[in-house]
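**Student:** I have a structure I would like to understand better, so I am pasting it below and will then ask my questions one at a time.
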Amino acid sequence: MQSYDLIILGAGTSGAYLAKRMARRGHKVLVLERLPRDKVGTKYDIFHIERREFDRLEIPRPTEGDPAWAFEFEKNYNADPLTKFPKCQLNPIVGLHMHEYTLLLIEEAEAAGAVFKFGCAFEDFLFDDKGKICGVKAKQRGRELTLGARIVADCSGMAAVGRLKLPDGYGVENTPLTDEDMFYVILRYVTLKDPKDYLEGSTFWAYYKTWIAPCADPHGAIIGIGACHSFEYAEQIYAEMEQVVPLPDYDLVRVERGRTPYTRNVHSMVADNFFVSGDAGNLTKSVNGEGVTSAMVQLKMATEVLDRALKLGDTSRKALWDVNRYYNTTQGAEFAMLRALLVGVVNAAGFDEFQYVFESGIISDELLGALSGMPVPPEAILGAAKGFVAGIAKKKLRPATIKAAALAFKNAVEISNHYKRFPATEDGFDAWCKKADEIYERIGKIK
Ligand SMILES: Cc1cc2nc3c(=O)[nH]c(=O)nc-3n(C[C@H](O)[C@H](O)[C@H](O)COP(=O)(O)OP(=O)(O)OC[C@H]3O[C@@H](n4cnc5c(N)ncnc54)[C@H](O)[C@@H]3O)c2cc1C
């Protein structure tokens, strides 16, 4: 049987990025990808990466003329439901073609020595006589393969084919997501009829969870919506939005649909000889469900831990535990906090209240900066608090909404602190999960 240090399930952005980093450290890496090479990353076309992430994550940065490059912009507007008081944040964004960019990451991984088997689907794990994962069974062109591995990494996206096959109690949750744990995303690629409407940047309407953003065609746009429950529900919200928001006149070119996890990351991302990342571990941003770079943040930390474990010859859950600790005390804590805040505020506030907070200036540029990871100055928080009090006095904000927002703030602080106290070893993990689940129960899910 052929054996590898690391077998990665899935050659999406997460799997390809991990393959490159581990192969560069001298490990024998095999990536199994269900799709043929010319179909990887074709689940939709355009995705975004914040420009500052390229250096931080050490990933290739395509520029104009490269096949993966589509466009760039830096104006990001957040708008009230009536689009009368939009607020602008400057944050350079690069639009990329998913298929071409994934191929770029795969080529980098191959150059580093990783081997890819395309058209080869993971089917199940192999277990040793102690019941520990020691490889995988896969199928390529009707042929059964058995392959040995010291670690198997599940990067298979929302299918989570490895995680969901884990035996109960193996050390990572093996439950599938429900409809309430994901965003149903619908993208309308359009051409704009009037040149005065050509886009300079993106606009996001939090009330409708919809946006309009540039696309590869400078005379076009992508109008997107992400909603829980179902694609039908997302279409319903979109129809409501179209009645109110003054969208530019457009011709529809095509529609793309997809789903992205919109729930907390799995509490433990490691088990004996096993690791999970990307959409398979729900590592998407709690602000918008984007998951390419947020997974890479975890993968960059995880590379150090997996590398060390392989070199020391101990790939047990205990030896891989630092992945959980590093991630949950940093980005995990930040995402948990933002999730609690967003769910509380978005669920509680009505149309008029959303309109009022923009109109009155309670939502300041500084507060919105938090959504793109900027620190919020204390004066901005104090200003917002005063604005809320004035809003109640003027009967523009319902006391129940303020109460819900205050509760969301309390939950946000509590869950963030809880993540920052993530146990340094497996001891205390069960108690940590119980408490985290209690807080999440209070936080609830986005409507
Ligand atoms: C419409 C839409 C727009 C989005 N826009 C953005 C954006 O602008 N920015 C952003 O950061 N994120 C965005 N996201 C989220 C982002 O696409 C995902 O978070 C990201 O692609 C996840 O990468 P991944 O490598 O974990 O999974 P995937 O990209 O899903 O890759 C998983 C791979 O595993 C393979 N696989 C599955 N089963 C098996 C098997 N049995 N054996 C072997 N291989 C298997 C699949 O074929 C696939 O190639 C968007 C999502 C949607 C739906």
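Numbering starts fresh at 1 for the residues of each chain in the structure tokens, the chains themselves are lettered A, B, ... in the order given, and ligands are numbered from 1 as they appear.
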Would you list the residues that come within 7 Å of ligand 1? Count only C-alpha atoms and all ligand atoms and give the answer as an mmCIF file with C-alpha atoms, in the first residue's frame.
**Tutor:**
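As a result, out23.cif now contains:
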data_model
loop_
_atom_site.group_PDB
_atom_site.id
_atom_site.type_symbol
_atom_site.label_atom_id
_atom_site.label_comp_id
_atom_site.auth_asym_id
_atom_site.auth_seq_id
_atom_site.Cartn_x
_atom_site.Cartn_y
_atom_site.Cartn_z
ATOM 1 C CA LEU A 9 -9.410 15.376 0.901
ATOM 2 C CA GLY A 10 -10.339 18.092 -1.612
ATOM 3 C CA ALA A 11 -8.319 20.395 -3.884
ATOM 4 C CA GLY A 12 -10.298 23.587 -3.283
ATOM 5 C CA THR A 13 -8.508 26.694 -2.013
ATOM 6 C CA SER A 14 -8.097 25.176 1.486
ATOM 7 C CA GLY A 15 -6.721 21.810 0.356
ATOM 8 C CA LEU A 32 -7.508 13.488 -3.513
ATOM 9 C CA GLU A 33 -9.969 15.502 -5.584
ATOM 10 C CA ARG A 34 -13.320 14.113 -6.691
ATOM 11 C CA LEU A 35 -13.489 16.382 -9.755
ATOM 12 C CA VAL A 40 -12.005 22.349 -9.786
ATOM 13 C CA GLY A 41 -13.225 25.674 -8.406
ATOM 14 C CA TYR A 44 -19.172 29.725 -9.032
ATOM 15 C CA ILE A 46 -16.129 35.441 -8.894
ATOM 16 C CA PHE A 47 -14.908 35.672 -5.302
ATOM 17 C CA HIS A 48 -13.209 38.440 -3.322
ATOM 18 C CA ILE A 49 -10.019 38.668 -1.283
ATOM 19 C CA CYS A 120 -10.532 10.425 -7.236
ATOM 20 C CA ALA A 121 -13.189 10.447 -4.495
ATOM 21 C CA PHE A 122 -12.603 9.659 -0.827
ATOM 22 C CA GLU A 123 -14.967 6.922 0.323
ATOM 23 C CA CYS A 155 -10.734 20.011 3.170
ATOM 24 C CA SER A 156 -13.719 18.741 1.202
ATOM 25 C CA GLY A 157 -15.863 21.850 1.613
ATOM 26 C CA MET A 158 -19.488 21.695 2.707
ATOM 27 C CA ALA A 159 -19.648 18.006 1.838
ATOM 28 C CA VAL A 161 -16.881 13.869 3.563
ATOM 29 C CA VAL A 185 -26.315 32.603 -1.797
ATOM 30 C CA ILE A 186 -27.813 33.712 -5.127
ATOM 31 C CA LEU A 187 -25.693 35.817 -7.473
ATOM 32 C CA GLU A 256 -25.336 31.376 -9.839
ATOM 33 C CA ARG A 257 -26.409 29.680 -6.631
ATOM 34 C CA GLY A 258 -24.358 28.203 -3.831
ATOM 35 C CA ARG A 259 -24.297 27.546 -0.116
ATOM 36 C CA THR A 260 -21.780 28.531 2.525
ATOM 37 C CA SER A 277 -10.368 22.908 7.743
ATOM 38 C CA GLY A 278 -12.242 25.224 5.395
ATOM 39 C CA ASP A 279 -15.977 24.861 4.833
ATOM 40 C CA ALA A 280 -15.733 21.285 6.147
ATOM 41 C CA THR A 284 -16.342 31.031 7.284
ATOM 42 C CA GLY A 289 -20.065 33.759 5.145
ATOM 43 C CA GLU A 290 -16.884 34.235 3.076
ATOM 44 C CA GLY A 291 -14.425 31.450 3.770
ATOM 45 C CA VAL A 292 -11.374 31.416 1.528
ATOM 46 C CA THR A 293 -8.960 33.510 3.583
ATOM 47 C CA ALA A 295 -9.662 29.082 6.435
#
**Student:** Can you list every residue of region 46-159 of chain A that has an atom at most 6 Å from region 191-210 of chain A, with its nearest atom pair and the distance in Å to one decimal, using only C-alpha atoms, ordered by chain then number, as CSV?
**Tutor:**
residue,atom,partner,partner_atom,distance
A:Phe73,CA,A:Gly201,CA,5.5
A:Lys75,CA,A:Gly201,CA,4.6
A:Asn76,CA,A:Ser202,CA,5.0
A:Tyr77,CA,A:Thr203,CA,4.4
A:Asn78,CA,A:Phe204,CA,4.9
A:Ala79,CA,A:Trp205,CA,5.1
**Student:** Taking only C-alpha atoms into account, which of A:Val346, A:Ala412, A:Val245, A:Ala336 comes nearest Pro81 (chain A)?
**Tutor:**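 Under the stated criterion, the closest residue is A:Val245.
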**Student:** Point out the residue among A:Asp307, A:Pro60, A:Met98, A:Thr263 with the least atom-to-atom distance to Glu180 (chain A), counting only C-alpha atoms.
**Tutor:** A:Thr263
**Student:** Any idea what's packed within 9 Å of Tyr440 (chain A), counting only C-alpha atoms, ignoring anything in its chain fewer than 5 positions away? Could you give it as a PyMOL selection string?
**Tutor:** chain A and resi 264+340+411+415+435+445
**Student:** Emit the selected residues as a short mmCIF file (atom, residue, chain, number, x, y, z; two decimals), in the first residue's frame, including all heavy atoms.
**Tutor:**
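What landed in result16.cif:
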data_model
loop_
_atom_site.label_atom_id
_atom_site.label_comp_id
_atom_site.auth_asym_id
_atom_site.auth_seq_id
_atom_site.Cartn_x
_atom_site.Cartn_y
_atom_site.Cartn_z
N ARG A 264 -21.03 28.44 13.84
CA ARG A 264 -19.73 28.42 14.52
C ARG A 264 -18.81 27.35 13.92
O ARG A 264 -19.28 26.35 13.38
CB ARG A 264 -19.93 28.16 16.01
CG ARG A 264 -20.54 26.80 16.29
CD ARG A 264 -20.40 26.40 17.73
NE ARG A 264 -21.04 25.13 18.00
CZ ARG A 264 -20.52 23.94 17.75
NH1 ARG A 264 -19.33 23.84 17.17
NH2 ARG A 264 -21.18 22.83 18.04
N ALA A 340 -22.38 36.91 17.50
CA ALA A 340 -23.36 37.22 18.56
C ALA A 340 -23.95 38.61 18.34
O ALA A 340 -25.16 38.82 18.45
CB ALA A 340 -22.69 37.12 19.92
N ASN A 411 -23.77 38.99 25.29
CA ASN A 411 -23.43 37.65 24.78
C ASN A 411 -22.13 37.67 23.99
O ASN A 411 -21.33 36.73 24.07
CB ASN A 411 -24.55 37.14 23.85
CG ASN A 411 -25.80 36.74 24.62
OD1 ASN A 411 -25.73 36.43 25.80
ND2 ASN A 411 -26.94 36.78 23.95
N ILE A 415 -19.05 35.33 24.92
CA ILE A 415 -18.57 34.23 24.05
C ILE A 415 -17.12 34.49 23.64
O ILE A 415 -16.30 33.56 23.59
CB ILE A 415 -19.49 34.01 22.81
CG1 ILE A 415 -19.20 32.66 22.15
CG2 ILE A 415 -19.39 35.11 21.79
CD1 ILE A 415 -19.74 31.47 22.83
N LYS A 435 -20.36 24.90 28.10
CA LYS A 435 -20.59 26.33 28.36
C LYS A 435 -20.76 27.09 27.03
O LYS A 435 -21.65 27.93 26.89
CB LYS A 435 -19.39 26.87 29.17
CG LYS A 435 -19.38 28.37 29.44
CD LYS A 435 -20.12 28.70 30.71
CE LYS A 435 -20.40 30.18 30.90
NZ LYS A 435 -19.26 30.99 31.24
N LYS A 445 -29.88 31.99 16.24
CA LYS A 445 -29.41 31.95 14.84
C LYS A 445 -30.06 33.09 14.08
O LYS A 445 -31.14 33.56 14.46
CB LYS A 445 -29.80 30.62 14.20
CG LYS A 445 -29.27 29.46 15.02
CD LYS A 445 -28.94 28.27 14.22
CE LYS A 445 -28.12 27.35 15.11
NZ LYS A 445 -27.66 26.18 14.51
#
**Student:** Mind the document's chain letters and residue numbers, and return as a tab-separated table (two decimals) with N, CA, C and O atoms, in the first residue's frame the residues of region 164-381 of chain A that DSSP labels alpha helix (DSSP H).
**Tutor:**
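New file states15.tsv:
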chain	number	residue	atom	x	y	z
A	231	PHE	N	-33.16	28.53	-0.73
A	231	PHE	CA	-33.03	29.45	-1.87
A	231	PHE	C	-34.36	30.19	-2.10
A	231	PHE	O	-34.36	31.36	-2.47
A	232	GLU	N	-35.48	29.52	-1.85
A	232	GLU	CA	-36.80	30.16	-2.05
A	232	GLU	C	-36.92	31.36	-1.12
A	232	GLU	O	-37.39	32.43	-1.51
A	233	TYR	N	-36.48	31.18	0.14
A	233	TYR	CA	-36.56	32.29	1.10
A	233	TYR	C	-35.66	33.45	0.65
A	233	TYR	O	-36.04	34.62	0.71
A	234	ALA	N	-34.46	33.11	0.14
A	234	ALA	CA	-33.54	34.15	-0.33
A	234	ALA	C	-34.20	34.94	-1.47
A	234	ALA	O	-34.13	36.17	-1.53
A	235	GLU	N	-34.89	34.23	-2.38
A	235	GLU	CA	-35.56	34.91	-3.50
A	235	GLU	C	-36.68	35.83	-3.00
A	235	GLU	O	-36.91	36.91	-3.54
A	236	GLN	N	-37.35	35.37	-1.95
A	236	GLN	CA	-38.45	36.17	-1.37
A	236	GLN	C	-37.90	37.51	-0.84
A	236	GLN	O	-38.47	38.56	-1.09
A	237	ILE	N	-36.78	37.43	-0.10
A	237	ILE	CA	-36.18	38.65	0.46
A	237	ILE	C	-35.70	39.55	-0.69
A	237	ILE	O	-35.84	40.78	-0.65
A	238	TYR	N	-35.15	38.92	-1.73
A	238	TYR	CA	-34.64	39.69	-2.87
A	238	TYR	C	-35.80	40.47	-3.52
A	238	TYR	O	-35.67	41.65	-3.86
A	239	ALA	N	-36.93	39.80	-3.65
A	239	ALA	CA	-38.10	40.46	-4.28
A	239	ALA	C	-38.55	41.65	-3.43
A	239	ALA	O	-38.87	42.72	-3.96
A	240	GLU	N	-38.53	41.46	-2.10
A	240	GLU	CA	-38.89	42.58	-1.19
A	240	GLU	C	-37.92	43.74	-1.38
A	240	GLU	O	-38.31	44.90	-1.46
A	241	MET	N	-36.62	43.39	-1.44
A	241	MET	CA	-35.58	44.41	-1.57
A	241	MET	C	-35.76	45.20	-2.85
A	241	MET	O	-35.66	46.42	-2.88
A	242	GLU	N	-36.09	44.50	-3.95
A	242	GLU	CA	-36.23	45.17	-5.25
A	242	GLU	C	-37.34	46.22	-5.25
A	242	GLU	O	-37.30	47.18	-6.01
A	243	GLN	N	-38.34	46.02	-4.36
A	243	GLN	CA	-39.45	46.98	-4.27
A	243	GLN	C	-38.98	48.30	-3.65
A	243	GLN	O	-39.57	49.34	-3.88
A	244	VAL	N	-37.94	48.23	-2.84
A	244	VAL	CA	-37.56	49.39	-2.01
A	244	VAL	C	-36.25	50.03	-2.46
A	244	VAL	O	-36.14	51.26	-2.54
A	292	VAL	N	-12.66	31.80	2.13
A	292	VAL	CA	-11.37	31.42	1.53
A	292	VAL	C	-10.22	31.80	2.45
A	292	VAL	O	-9.43	30.96	2.88
A	293	THR	N	-10.13	33.09	2.79
A	293	THR	CA	-8.96	33.51	3.58
A	293	THR	C	-9.11	33.14	5.06
A	293	THR	O	-8.11	32.91	5.74
A	294	SER	N	-10.35	33.10	5.56
A	294	SER	CA	-10.50	32.77	6.99
A	294	SER	C	-10.00	31.35	7.25
A	294	SER	O	-9.41	31.07	8.30
A	295	ALA	N	-10.21	30.45	6.28
A	295	ALA	CA	-9.66	29.08	6.44
A	295	ALA	C	-8.14	29.12	6.39
A	295	ALA	O	-7.46	28.41	7.14
A	296	MET	N	-7.60	29.98	5.52
A	296	MET	CA	-6.13	30.03	5.39
A	296	MET	C	-5.48	30.53	6.67
A	296	MET	O	-4.36	30.13	7.00
A	297	VAL	N	-6.18	31.40	7.40
A	297	VAL	CA	-5.65	31.87	8.69
A	297	VAL	C	-5.44	30.66	9.60
A	297	VAL	O	-4.39	30.50	10.24
A	298	GLN	N	-6.44	29.78	9.65
A	298	GLN	CA	-6.32	28.57	10.49
A	298	GLN	C	-5.26	27.63	9.92
A	298	GLN	O	-4.46	27.05	10.65
A	299	LEU	N	-5.23	27.50	8.58
A	299	LEU	CA	-4.29	26.57	7.96
A	299	LEU	C	-2.84	27.00	8.18
A	299	LEU	O	-1.95	26.16	8.34
A	300	LYS	N	-2.63	28.33	8.20
A	300	LYS	CA	-1.26	28.82	8.41
A	300	LYS	C	-0.78	28.42	9.82
A	300	LYS	O	0.33	27.95	10.00
A	301	MET	N	-1.68	28.59	10.81
A	301	MET	CA	-1.33	28.17	12.18
A	301	MET	C	-1.16	26.66	12.23
A	301	MET	O	-0.24	26.13	12.85
A	302	ALA	N	-2.09	25.95	11.56
A	302	ALA	CA	-2.11	24.48	11.65
A	302	ALA	C	-0.86	23.87	11.03
A	302	ALA	O	-0.38	22.83	11.49
A	303	THR	N	-0.33	24.52	9.98
A	303	THR	CA	0.86	23.97	9.32
A	303	THR	C	1.98	23.76	10.32
A	303	THR	O	2.66	22.74	10.31
A	304	GLU	N	2.14	24.75	11.22
A	304	GLU	CA	3.23	24.65	12.21
A	304	GLU	C	3.00	23.44	13.11
A	304	GLU	O	3.94	22.70	13.42
A	305	VAL	N	1.75	23.23	13.50
A	305	VAL	CA	1.43	22.15	14.44
A	305	VAL	C	1.55	20.79	13.76
A	305	VAL	O	2.16	19.85	14.30
A	306	LEU	N	1.01	20.67	12.55
A	306	LEU	CA	1.07	19.38	11.84
A	306	LEU	C	2.52	19.03	11.51
A	306	LEU	O	2.94	17.87	11.63
A	307	ASP	N	3.27	20.05	11.10
A	307	ASP	CA	4.69	19.85	10.76
A	307	ASP	C	5.44	19.29	11.98
A	307	ASP	O	6.14	18.28	11.89
A	308	ARG	N	5.23	19.94	13.12
A	308	ARG	CA	5.93	19.52	14.34
A	308	ARG	C	5.51	18.10	14.73
A	308	ARG	O	6.34	17.25	15.05
A	309	ALA	N	4.20	17.83	14.66
A	309	ALA	CA	3.69	16.51	15.06
A	309	ALA	C	4.30	15.41	14.18
A	309	ALA	O	4.73	14.37	14.68
A	310	LEU	N	4.33	15.65	12.87
A	310	LEU	CA	4.90	14.64	11.96
A	310	LEU	C	6.37	14.43	12.25
A	310	LEU	O	6.86	13.29	12.26
A	311	LYS	N	7.09	15.52	12.50
A	311	LYS	CA	8.53	15.38	12.75
A	311	LYS	C	8.80	14.65	14.07
A	311	LYS	O	9.76	13.90	14.18
A	312	LEU	N	7.93	14.87	15.06
A	312	LEU	CA	8.13	14.22	16.36
A	312	LEU	C	7.56	12.80	16.39
A	312	LEU	O	7.75	12.06	17.35
A	317	ARG	N	-4.48	13.27	18.87
A	317	ARG	CA	-5.29	14.49	19.11
A	317	ARG	C	-4.57	15.41	20.08
A	317	ARG	O	-4.54	16.62	19.91
A	318	LYS	N	-3.95	14.77	21.10
A	318	LYS	CA	-3.23	15.55	22.10
A	318	LYS	C	-2.10	16.36	21.44
A	318	LYS	O	-1.92	17.55	21.72
A	319	ALA	N	-1.38	15.71	20.52
A	319	ALA	CA	-0.24	16.38	19.88
A	319	ALA	C	-0.70	17.47	18.91
A	319	ALA	O	0.04	18.41	18.63
A	320	LEU	N	-1.92	17.33	18.37
A	320	LEU	CA	-2.42	18.32	17.40
A	320	LEU	C	-3.26	19.41	18.08
A	320	LEU	O	-3.77	20.32	17.41
A	322	ASP	N	-2.85	22.05	19.73
A	322	ASP	CA	-2.54	23.48	19.60
A	322	ASP	C	-3.29	24.14	18.43
A	322	ASP	O	-3.48	25.35	18.43
A	323	VAL	N	-3.71	23.34	17.44
A	323	VAL	CA	-4.51	23.93	16.35
A	323	VAL	C	-5.76	24.56	16.96
A	323	VAL	O	-6.12	25.71	16.66
A	324	ASN	N	-6.42	23.80	17.83
A	324	ASN	CA	-7.65	24.31	18.48
A	324	ASN	C	-7.35	25.54	19.32
A	324	ASN	O	-8.09	26.54	19.28
A	325	ARG	N	-6.28	25.44	20.09
A	325	ARG	CA	-5.98	26.54	21.02
A	325	ARG	C	-5.61	27.82	20.25
A	325	ARG	O	-6.16	28.88	20.50
A	326	TYR	N	-4.70	27.70	19.27
A	326	TYR	CA	-4.29	28.89	18.52
A	326	TYR	C	-5.49	29.52	17.83
A	326	TYR	O	-5.69	30.72	17.86
A	327	TYR	N	-6.31	28.66	17.17
A	327	TYR	CA	-7.39	29.23	16.37
A	327	TYR	C	-8.50	29.83	17.25
A	327	TYR	O	-8.94	30.95	17.05
A	328	ASN	N	-8.95	29.05	18.22
A	328	ASN	CA	-10.11	29.50	18.99
A	328	ASN	C	-9.82	30.73	19.84
A	328	ASN	O	-10.72	31.53	20.10
A	331	GLN	N	-8.76	34.15	15.88
A	331	GLN	CA	-9.85	34.41	14.93
A	331	GLN	C	-11.18	33.80	15.39
A	331	GLN	O	-12.24	34.37	15.19
A	332	GLY	N	-11.10	32.64	16.03
A	332	GLY	CA	-12.32	31.98	16.52
A	332	GLY	C	-13.07	32.89	17.49
A	332	GLY	O	-14.30	33.03	17.41
A	333	ALA	N	-12.31	33.52	18.40
A	333	ALA	CA	-12.94	34.42	19.40
A	333	ALA	C	-13.54	35.64	18.70
A	333	ALA	O	-14.65	36.08	19.03
A	334	GLU	N	-12.82	36.16	17.71
A	334	GLU	CA	-13.30	37.36	17.00
A	334	GLU	C	-14.60	37.06	16.23
A	334	GLU	O	-15.57	37.80	16.29
A	335	PHE	N	-14.61	35.91	15.52
A	335	PHE	CA	-15.80	35.55	14.74
A	335	PHE	C	-16.99	35.27	15.67
A	335	PHE	O	-18.13	35.60	15.35
A	336	ALA	N	-16.71	34.62	16.81
A	336	ALA	CA	-17.80	34.29	17.74
A	336	ALA	C	-18.44	35.59	18.25
A	336	ALA	O	-19.66	35.70	18.35
A	337	MET	N	-17.58	36.58	18.55
A	337	MET	CA	-18.10	37.86	19.06
A	337	MET	C	-18.95	38.55	18.00
A	337	MET	O	-20.08	38.99	18.26
A	338	LEU	N	-18.44	38.64	16.77
A	338	LEU	CA	-19.18	39.32	15.70
A	338	LEU	C	-20.50	38.60	15.41
A	338	LEU	O	-21.51	39.23	15.14
A	339	ARG	N	-20.47	37.26	15.47
A	339	ARG	CA	-21.70	36.50	15.21
A	339	ARG	C	-22.78	36.87	16.22
A	339	ARG	O	-23.93	37.14	15.86
A	340	ALA	N	-22.38	36.91	17.50
A	340	ALA	CA	-23.36	37.22	18.56
A	340	ALA	C	-23.95	38.61	18.34
A	340	ALA	O	-25.16	38.82	18.45
A	341	LEU	N	-23.09	39.57	18.00
A	341	LEU	CA	-23.56	40.94	17.79
A	341	LEU	C	-24.51	41.03	16.60
A	341	LEU	O	-25.60	41.60	16.69
A	342	LEU	N	-24.09	40.45	15.49
A	342	LEU	CA	-24.89	40.55	14.27
A	342	LEU	C	-26.24	39.87	14.41
A	342	LEU	O	-27.27	40.43	14.04
A	343	VAL	N	-26.21	38.64	14.94
A	343	VAL	CA	-27.46	37.89	15.06
A	343	VAL	C	-28.43	38.68	15.93
A	343	VAL	O	-29.60	38.88	15.56
A	344	GLY	N	-27.94	39.19	17.07
A	344	GLY	CA	-28.81	39.93	18.00
A	344	GLY	C	-29.39	41.17	17.34
A	344	GLY	O	-30.61	41.40	17.37
A	345	VAL	N	-28.55	41.96	16.71
A	345	VAL	CA	-29.01	43.25	16.18
A	345	VAL	C	-29.87	43.05	14.94
A	345	VAL	O	-30.95	43.63	14.82
A	346	VAL	N	-29.41	42.19	14.01
A	346	VAL	CA	-30.16	42.00	12.76
A	346	VAL	C	-31.54	41.39	13.05
A	346	VAL	O	-32.55	41.77	12.45
A	347	ASN	N	-31.60	40.45	14.00
A	347	ASN	CA	-32.90	39.83	14.30
A	347	ASN	C	-33.86	40.79	14.99
A	347	ASN	O	-35.08	40.70	14.82
A	348	ALA	N	-33.29	41.74	15.76
A	348	ALA	CA	-34.18	42.58	16.59
A	348	ALA	C	-34.69	43.82	15.84
A	348	ALA	O	-35.83	44.24	16.02
A	351	PHE	N	-37.38	47.66	10.04
A	351	PHE	CA	-37.03	48.50	8.89
A	351	PHE	C	-36.79	49.95	9.32
A	351	PHE	O	-35.75	50.55	9.02
A	352	ASP	N	-37.76	50.53	10.06
A	352	ASP	CA	-37.65	51.96	10.43
A	352	ASP	C	-36.45	52.19	11.34
A	352	ASP	O	-35.81	53.25	11.28
A	353	GLU	N	-36.18	51.23	12.19
A	353	GLU	CA	-35.05	51.38	13.11
A	353	GLU	C	-33.72	51.32	12.35
A	353	GLU	O	-32.80	52.10	12.61
A	354	PHE	N	-33.63	50.40	11.40
A	354	PHE	CA	-32.42	50.34	10.56
A	354	PHE	C	-32.22	51.69	9.88
A	354	PHE	O	-31.13	52.24	9.82
A	355	GLN	N	-33.33	52.20	9.33
A	355	GLN	CA	-33.27	53.47	8.61
A	355	GLN	C	-32.79	54.58	9.55
A	355	GLN	O	-31.93	55.38	9.20
A	356	TYR	N	-33.33	54.58	10.77
A	356	TYR	CA	-33.01	55.65	11.72
A	356	TYR	C	-31.53	55.63	12.13
A	356	TYR	O	-30.90	56.68	12.19
A	357	VAL	N	-30.98	54.45	12.40
A	357	VAL	CA	-29.58	54.43	12.87
A	357	VAL	C	-28.61	54.94	11.81
A	357	VAL	O	-27.59	55.55	12.13
A	358	PHE	N	-28.96	54.76	10.55
A	358	PHE	CA	-28.10	55.33	9.48
A	358	PHE	C	-28.34	56.84	9.40
A	358	PHE	O	-27.40	57.64	9.35
A	359	GLU	N	-29.62	57.22	9.39
A	359	GLU	CA	-30.01	58.63	9.20
A	359	GLU	C	-29.46	59.51	10.33
A	359	GLU	O	-28.96	60.60	10.10
A	365	ASP	N	-18.72	55.60	10.66
A	365	ASP	CA	-17.70	54.91	9.85
A	365	ASP	C	-16.81	54.06	10.74
A	365	ASP	O	-16.39	52.96	10.37
A	366	GLU	N	-16.52	54.58	11.95
A	366	GLU	CA	-15.63	53.84	12.86
A	366	GLU	C	-16.26	52.52	13.28
A	366	GLU	O	-15.59	51.49	13.35
A	367	LEU	N	-17.57	52.54	13.57
A	367	LEU	CA	-18.24	51.29	13.99
A	367	LEU	C	-18.24	50.28	12.84
A	367	LEU	O	-17.99	49.10	13.02
A	368	LEU	N	-18.49	50.78	11.63
A	368	LEU	CA	-18.51	49.88	10.48
A	368	LEU	C	-17.13	49.29	10.20
A	368	LEU	O	-17.01	48.19	9.68
A	369	GLY	N	-16.10	50.06	10.58
A	369	GLY	CA	-14.72	49.58	10.38
A	369	GLY	C	-14.49	48.25	11.09
A	369	GLY	O	-13.68	47.43	10.63
A	378	PRO	N	-12.94	54.09	21.53
A	378	PRO	CA	-13.97	54.12	22.58
A	378	PRO	C	-14.98	55.26	22.36
A	378	PRO	O	-16.16	55.09	22.64
A	379	GLU	N	-14.51	56.42	21.78
A	379	GLU	CA	-15.46	57.54	21.54
A	379	GLU	C	-16.59	57.10	20.60
A	379	GLU	O	-17.73	57.56	20.73
A	380	ALA	N	-16.25	56.21	19.64
A	380	ALA	CA	-17.28	55.78	18.68
A	380	ALA	C	-18.34	54.96	19.41
A	380	ALA	O	-19.54	55.08	19.13
A	381	ILE	N	-17.90	54.13	20.38
A	381	ILE	CA	-18.87	53.30	21.13
A	381	ILE	C	-19.73	54.19	22.01
A	381	ILE	O	-20.96	54.06	22.06
**Student:** Taking only C-alpha atoms into account, which of A:Leu90, A:Val172, A:Val253, A:Val190 comes nearest Val270 (chain A)?
**Tutor:**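 Looking at the shortest contact to Val270 (chain A), the residue is A:Val172.
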**Student:** Give me, please, the distance in Å between CA of Asp154 (chain A) and CA of Ala271 (chain A), quoted to one decimal.
**Tutor:**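 Interatomic distance here is 11.4 Å.
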**Student:** For Lys396 (chain A), which residue among A:Thr83, A:Ser360, A:Thr63, A:Thr42 is the nearest when counting only C-alpha atoms?
**Tutor:**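 With only C-alpha atoms as the atom set, the closest residue is A:Ser360.
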**Student:** One number please: CA of Lys420 (chain A) to CA of Glu438 (chain A), in Å, one decimal.
**Tutor:**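 Value for the CA of Lys420 (chain A)-CA of Glu438 (chain A) distance: 16.4 Å.
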